[in-house]
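Visitor: Take a look at this one; I'll ask things after.
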Amino acid sequence: MNAIDKTTSADAPRSRYSAGVMEYRKMGYWQPDYEPKDTDVIALFRVTPQDGVDPIEASAAVAGESSTATWTVVWTDRLTACDKYRAKCYRVDPVPNSPGSWFAYIAYDLDLFEPGSIANLSASIIGNVFGFKPLKALRLEDMRLPVAYVKTFDGPATGIVVERERLDKFGRPLLGATVKPKLGLSGRNYGRVVYEALKGGLDFTKDDENINSQPFMHWRDRFLYCMEAVNKAQASTGEVKGTYLNITAGTMEDMYERAEFAKQLGSSIVMIDLIIGYTAIQSMAKWARRNDMILHLHRAGHSTYTRQKTHGVSFRVIAKWMRLAGVDHIHAGTVVGKLEGDPHTTKGYYDICREDYVPQNLAHGVFFDQDWASTRKLMPVASGGIHAGQMHQLIDLLGEDVVLQFGGGTIGHPMGIQAGATANRVALEAMILARNEGRDIVVEGPDILQDAARHCLPLRQALDTWKDVTFNYSSTDTPDFVPQATAAE
Amino acid sequence: MRITQGAFSFLPDLDDGQITRQVQYCIDKGWAVNIEFTDDPHPRNTYWEMWGMPMFDVPDAAGVMFELNACRKAHAGRNYIRVSAFDSTHTWESLRLSFITDRPADEPGFALDRQEVDGRSIRYTTRAYAADRPEGARY
Amino acid sequence: MEAVIDTPPTAPLAAPDGGEQAIDLRAEFTESGLARVLDELDTDLVGLVPVKQRLREIGALLLVDRARARFGLQAVSPTLHMSFTGNPGTGKTTVALRMAEILHRLGYVRKGHLVTVTRDDLVGQYIGHTAPKTKEVLKRAMGGVLFIDEAYYLYRPENERDYGQEAIEILLQVMENQRDDLVVILAGYADRMERFFTANPGFRSRVAHHIDFPDYTGGELEAIGARILDGMNYRLSPAAEEAFHRYVELRMAQPHFANGRSVRNALDRARLRQANRLFASERPVTAGDLTTIEAEDILASRVFSGGIDSYPPLPAR
Ligand SMILES: Nc1ncnc2c1ncn2[C@@H]1O[C@H](COP(=O)(O)OP(=O)(O)O)[C@@H](O)[C@H]1O
Ligand SMILES: [Mg+2]
């Protein structure tokens, strides 16, 4: 920042302004001929410079401010292999249909990062530069993580395949629900919801992000009643069941205490919120690995920086960091539900979570080939405003390796929670059966549901209740390379 | 009660045409289909008895149905039978689909034993009523 | 499964106006792809006139069966198991492959693949080995055609504890009960097959079509040779053609003559000699050289001196 901070502001005369920025470009942060090495970390930023600032200069400055971050030659540079440590912006393209914004490709040497630390990776890449004055806005769109770096992380301890093996559930999405109302239920009442939902046919229930330990329900009460519900539902169905016990708390010590109690009670899964921070997430991932525990991550708070297209960090980057950090579940969007989610962009997130090799796909907002080098697969979770009547769309858009969370769509069933759960499960199984038989579920979906409803009254009721509910607003975070679309019609 | 393990337990029992189509789906994906049976349906009883080996080189579902019918002849009525499909693709290398095709006429279900320990904590044990009787005489 | 056998593939046709509904058999013949398969068979395979005729007849029968089923006229699915009899190299395996395709086109087998086996693939070495082995083969063949070469070796009456009997019993059962899951073709010499059927009437009653493969004439064998070479991008020089004509005449009269297979083997050896000749000549070769078999490549065969054809040449005795 230094000199530029002191000498320029957005309104300052252009000559003074560009003089400072020129320095970055000259100092080796702009290297158009640079060929990124296989071991480089590459970041793609969407750069929106202040009026009058040259995009290449601005991009070089981003490279500088996210790496060695000096605006002038300091003699101490000469004590280091400074060429190696400088981030190198090697390509700047205009953003399609978006005058004033540029995509800047910046390569970082592997030695700039501490192995196995999201805190260090993120502090380096987004630590300083987002407040840089010559920029109106800046967004980290995507990152290419080299295999050499990926291999320094443990990744998910359980992952999709082993989670399925533990649960003994294959070939269909898992079904969950968030207990509602979010706030105010006593532990005893809360467990009732869990029992009804699991017995009715769900695989999982879930605490919401802000269910921690409030005056109406102490966390230990919640855990005890929930585990009674889980075990009772398990015995009455002969099926493995679970509930994500949220162990998010004010301190790590509290979180460990809650995690240990969950384990002691025999829970198969615990949950944390994104807002606990990257280091806490990695700590809990290590704990989960040591304790055969599935780790569910609720992406609480992410929209504050992922949603707007011009500024912040794309969720695809957060998803990559979380796969490295080693959570097993992550909320990744529904497309058809009540929360933000363009179908193509969401498809990109799902690929990042589930594939071992994700090829570049600009239409899905995926800018780089990403080799995960056998890092376990992260189970995406779709939650928020979805119901049984959308089953065909959900399976078509999201595939089968996903947890579908029907909160309102279970608990809001007119005949009760068990009926709601059964409706969802029957709709799901009927749709998978039909898909596997080769039927076109997108076209025939509504008929398949009606057929299934003939032997299932709760499904008939669900279809009647929610038949007209859709959330068709256009998304804000859309890919730049295709016309945007909404999923439900 | 009705045990709801497997992908299709909430639907009416599949008929042979439906089973054949699911099996063909698996075969067409390149997965090896396997038949297993058990008289201990505990949710964590992972290893059911194998009826032969997974069928790796059978291109048509009729081959699997042939074995399923043989397995039924030997075990139906007194056992659960399930069909599972293995995918050997790198980074999967596990099951892709699993569903129950046959169940005993009567499913007595499970008892939930509670052992009160350490204050308000409880240790839970799920126990199949059928497993109270010796193996082979359970259904 | 059982239940599927007796129901017609599609619902009976009823004319919307109550009048007589008609099926255009010619159009069905073309649409099913059967016309194309039979035409290909005509052009690809030399001779075999009676065999081709039988295949057309069977094709027509199945087509008519299908049409009858659509009118709700058919009562049982047709028995399609067959026996192909004839000497070695007369094209039985080759035709079986086409047969599988024909049956697939007409919807009588779902996949149309051919699984070729002999006794060793079906019969085990020790007690308890045969049933799983036979079932394994049957499972692989389901949805297609199972071709059992020299099927009569399954039956060894001289050894009353021969495991072949177990394979026969399983085969018979599946041939009877799963007629819509697979078609079995039994192949071998005509006389031995006849004795086999006499000793195992169960097989005779389950086999609906007997097709006899005659030996080829000299002219047909030469034509087969030309096809084989053409397929590999070789040709005979005029002098080599003349030599090959004489070769075929001599070879036909020798023991262990195996029709098409002998021709294929002879040409394989001629190619080896040609390659050796070109290599030894130590001069640059043209595309013409590389594709042409010369008379000397044929005439070097010991068949011309009353011996056995081989490459490299057998040591003189
Ligand atoms: N009619 C024919 N036209 C062309 N090639 C033939 C013909 N009959 C046999 N052949 C060739 O002869 C060889 C042996 O034929 P095959 O079908 O295996 O005989 P079989 O099963 O009766 O022993 C094959 O390579 C085949 O290509
Ligand atoms: Mg042959």
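By order in the structure tokens, chains are A, B, ...; within a chain, residues start at 1; ligands start at 1, following the order shown.
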Assign secondary structure with DSSP using the backbone only, and return the residues of range 20-153 of chain A in helix (DSSP H, G or I) as a ChimeraX atom specification.
Guide: /A:20-29,55-65,75-79,82-85,110-112,118-126,129-131,147-150
Visitor: Could you pull the residues within 8 Å of Met1 in chain B, counting only C-alpha atoms, minus those fewer than 6 positions along the same chain, as a ChimeraX atom specification?
Guide: /A:236-237 /B:107-109
Visitor: Keeping C-alpha atoms, export the residues of the selection given above as a PDB file, in the first residue's frame.
Guide:
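Saved as selection27.pdb:
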```
ATOM      1  CA  SER A 236     -37.905 -48.895  14.362  1.00  0.00           C
ATOM      2  CA  THR A 237     -36.689 -48.898  10.745  1.00  0.00           C
TER       3      THR A 237
ATOM      4  CA  GLU B 107     -40.451 -59.051  10.022  1.00  0.00           C
ATOM      5  CA  PRO B 108     -40.446 -58.830  13.818  1.00  0.00           C
ATOM      6  CA  GLY B 109     -38.067 -55.846  13.914  1.00  0.00           C
TER       7      GLY B 109
END
```
Visitor: Which residues are near ligand 1 - at most 8 Å, using only C-alpha atoms and all ligand atoms? Format: as an MDAnalysis selection string.
Guide: chainID C and resid 44:48 86:96 149 187:188 213 220 223:225 227:228 258:264
Visitor: Per residue of chain C within 6 Å of chain B, what are the shortest atom pair and its distance in Å to one decimal, counting only C-alpha atoms, with rows by chain and residue number, as a Markdown table?
Guide:
```
| residue | atom | partner | partner_atom | distance |
| --- | --- | --- | --- | --- |
| C:Lys139 | CA | B:Gly63 | CA | 4.0 |
| C:Arg140 | CA | B:Val58 | CA | 4.4 |
| C:Met142 | CA | B:Gly63 | CA | 5.7 |
| C:Gly143 | CA | B:Asp60 | CA | 5.2 |
```
Visitor: For chain B, work out the contacting residues on chain A at 6 Å, counting only C-alpha atoms, and write them as an MDAnalysis selection string.
Guide: chainID A and resid 170:171 235 237:240 426 429 436:437
Visitor: Please dump the current selection as a short mmCIF file (atom, residue, chain, number, x, y, z; two decimals), in the first residue's frame; keep C-alpha atoms.
Guide:
```cif
data_model
loop_
_atom_site.label_atom_id
_atom_site.label_comp_id
_atom_site.auth_asym_id
_atom_site.auth_seq_id
_atom_site.Cartn_x
_atom_site.Cartn_y
_atom_site.Cartn_z
CA PHE A 170 -26.21 -46.44 -2.05
CA GLY A 171 -27.61 -45.28 -5.35
CA ALA A 235 -34.48 -49.52 15.82
CA THR A 237 -36.69 -48.90 10.74
CA GLY A 238 -33.64 -51.15 10.81
CA GLU A 239 -31.77 -48.41 8.99
CA VAL A 240 -28.77 -46.31 9.96
CA VAL A 426 -41.21 -42.19 -1.63
CA GLU A 429 -37.09 -43.67 -4.50
CA ASN A 436 -32.55 -46.11 -13.74
CA GLU A 437 -35.22 -47.65 -15.94
#
```
Visitor: Taking into account only C-alpha atoms and all ligand atoms, which residue in the set C:Leu272, C:Ile168, C:Leu290, C:Ile148 is nearest to ligand 2?
Guide: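 Using only C-alpha atoms and all ligand atoms, ligand 2 sits closest to C:Ile148.
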Visitor: Find the distance between CA of Phe132 in chain A and CA of Gln50 in chain A and write it in Å to one decimal.
Guide: 10.4 Å
Visitor: Find the spatial neighbours of Leu185 in chain A, counting only C-alpha atoms, within a cut-off of 12 Å - ignore same-chain residues fewer than 2 positions away - and output them as number ranges by chain.
Guide: A: 179-183, 187-194, 207, 211, 213-219, 221-222, 225
Visitor: Using backbone DSSP assignments, extract all strand (DSSP E or B) residues from range 283-401 of chain A; output them as a list of chain:residue names.
Guide: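 Matching residues, listed in order: A:Ile294, A:Leu295, A:His296, A:Leu297, A:His298, A:Gly312, A:Val313, A:His329, A:Ile330, A:His331, A:Tyr357, A:Val358, A:Asn361, A:Val366, A:Gln370, A:Asp371, A:Met379, A:Pro380, A:Val381, A:Ala382, A:Ser383.
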Visitor: Please produce a file of the residues just selected, as a short mmCIF file (atom, residue, chain, number, x, y, z; two decimals), in the first residue's frame, where the atoms kept are N, CA and C atoms.
Guide:
```cif
data_model
loop_
_atom_site.label_atom_id
_atom_site.label_comp_id
_atom_site.auth_asym_id
_atom_site.auth_seq_id
_atom_site.Cartn_x
_atom_site.Cartn_y
_atom_site.Cartn_z
N ILE A 294 -18.21 -38.12 10.82
CA ILE A 294 -18.48 -37.34 9.61
C ILE A 294 -18.59 -35.88 10.04
N LEU A 295 -18.05 -34.97 9.24
CA LEU A 295 -18.04 -33.55 9.61
C LEU A 295 -18.86 -32.75 8.60
N HIS A 296 -19.95 -32.19 9.11
CA HIS A 296 -20.84 -31.41 8.25
C HIS A 296 -20.52 -29.92 8.42
N LEU A 297 -20.37 -29.23 7.29
CA LEU A 297 -20.11 -27.79 7.35
C LEU A 297 -21.30 -27.02 6.82
N HIS A 298 -21.84 -26.15 7.65
CA HIS A 298 -22.87 -25.22 7.20
C HIS A 298 -22.16 -23.95 6.76
N GLY A 312 -15.37 -9.74 -3.69
CA GLY A 312 -15.42 -10.81 -2.70
C GLY A 312 -14.67 -12.04 -3.17
N VAL A 313 -15.17 -13.20 -2.73
CA VAL A 313 -14.55 -14.47 -3.07
C VAL A 313 -15.65 -15.38 -3.58
N HIS A 329 -19.16 -32.73 4.44
CA HIS A 329 -20.39 -32.21 3.83
C HIS A 329 -20.23 -30.71 3.66
N ILE A 330 -20.81 -30.17 2.60
CA ILE A 330 -20.84 -28.71 2.48
C ILE A 330 -22.12 -28.29 1.76
N HIS A 331 -22.75 -27.27 2.24
CA HIS A 331 -23.92 -26.75 1.54
C HIS A 331 -23.45 -26.10 0.25
N TYR A 357 -11.13 -35.22 -10.94
CA TYR A 357 -10.49 -34.32 -11.88
C TYR A 357 -11.56 -33.42 -12.46
N VAL A 358 -11.42 -32.13 -12.28
CA VAL A 358 -12.44 -31.20 -12.76
C VAL A 358 -11.83 -30.41 -13.92
N ASN A 361 -14.20 -25.42 -17.32
CA ASN A 361 -15.52 -25.32 -17.94
C ASN A 361 -16.03 -23.90 -17.69
N VAL A 366 -15.82 -22.53 -14.10
CA VAL A 366 -14.59 -23.23 -13.67
C VAL A 366 -13.47 -22.84 -14.62
N GLN A 370 -8.60 -28.87 -12.55
CA GLN A 370 -8.18 -29.10 -11.17
C GLN A 370 -8.06 -30.59 -10.91
N ASP A 371 -6.86 -31.01 -10.60
CA ASP A 371 -6.61 -32.41 -10.27
C ASP A 371 -6.62 -32.55 -8.75
N MET A 379 -19.28 -34.33 0.06
CA MET A 379 -20.72 -34.50 -0.23
C MET A 379 -21.41 -33.15 -0.22
N PRO A 380 -21.96 -32.73 -1.36
CA PRO A 380 -22.69 -31.47 -1.37
C PRO A 380 -24.06 -31.63 -0.71
N VAL A 381 -24.52 -30.58 -0.11
CA VAL A 381 -25.83 -30.59 0.55
C VAL A 381 -26.67 -29.50 -0.08
N ALA A 382 -27.89 -29.88 -0.48
CA ALA A 382 -28.80 -28.91 -1.09
C ALA A 382 -29.88 -28.61 -0.07
N SER A 383 -29.99 -27.38 0.32
CA SER A 383 -30.98 -27.10 1.34
C SER A 383 -31.52 -25.69 1.19
#
```
Visitor: Do a neighbour search on Arg98 in chain C at 9 Å with only C-alpha atoms, toss out local chain neighbours closer than 4 positions, and write the hits as a list of chain:residue names.
Guide: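 Listed by chain and then number, they are C:Val37, C:Leu38, C:Leu41, C:Thr93, C:Thr94, C:Ile102, C:Leu103.
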Visitor: Give me a file of those residues, with C-alpha atoms, as an mmCIF file, in the first residue's frame.
Guide:
```cif
data_model
loop_
_atom_site.group_PDB
_atom_site.id
_atom_site.type_symbol
_atom_site.label_atom_id
_atom_site.label_comp_id
_atom_site.auth_asym_id
_atom_site.auth_seq_id
_atom_site.Cartn_x
_atom_site.Cartn_y
_atom_site.Cartn_z
ATOM 1 C CA VAL C 37 -28.115 -58.373 -42.551
ATOM 2 C CA LEU C 38 -29.256 -60.998 -45.050
ATOM 3 C CA LEU C 41 -24.550 -62.307 -45.574
ATOM 4 C CA THR C 93 -18.987 -70.096 -36.514
ATOM 5 C CA THR C 94 -19.078 -67.326 -39.079
ATOM 6 C CA ILE C 102 -30.473 -61.560 -37.055
ATOM 7 C CA LEU C 103 -32.084 -62.681 -33.807
#
```
Visitor: Which distance in Å separates CA of Ala319 in chain A and CA of Leu362 in chain A, to one decimal?
Guide: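 These two atoms are separated by 17.0 Å.
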Visitor: Contacts of range 407-412 of chain A at 10 Å or less, counting only C-alpha atoms, minus same-chain residues fewer than 2 places along, as a ChimeraX atom specification?
Guide: /A:176-181,193-194,196-197,200,202,205-206,383-389,404-405,414-424,462,465-466
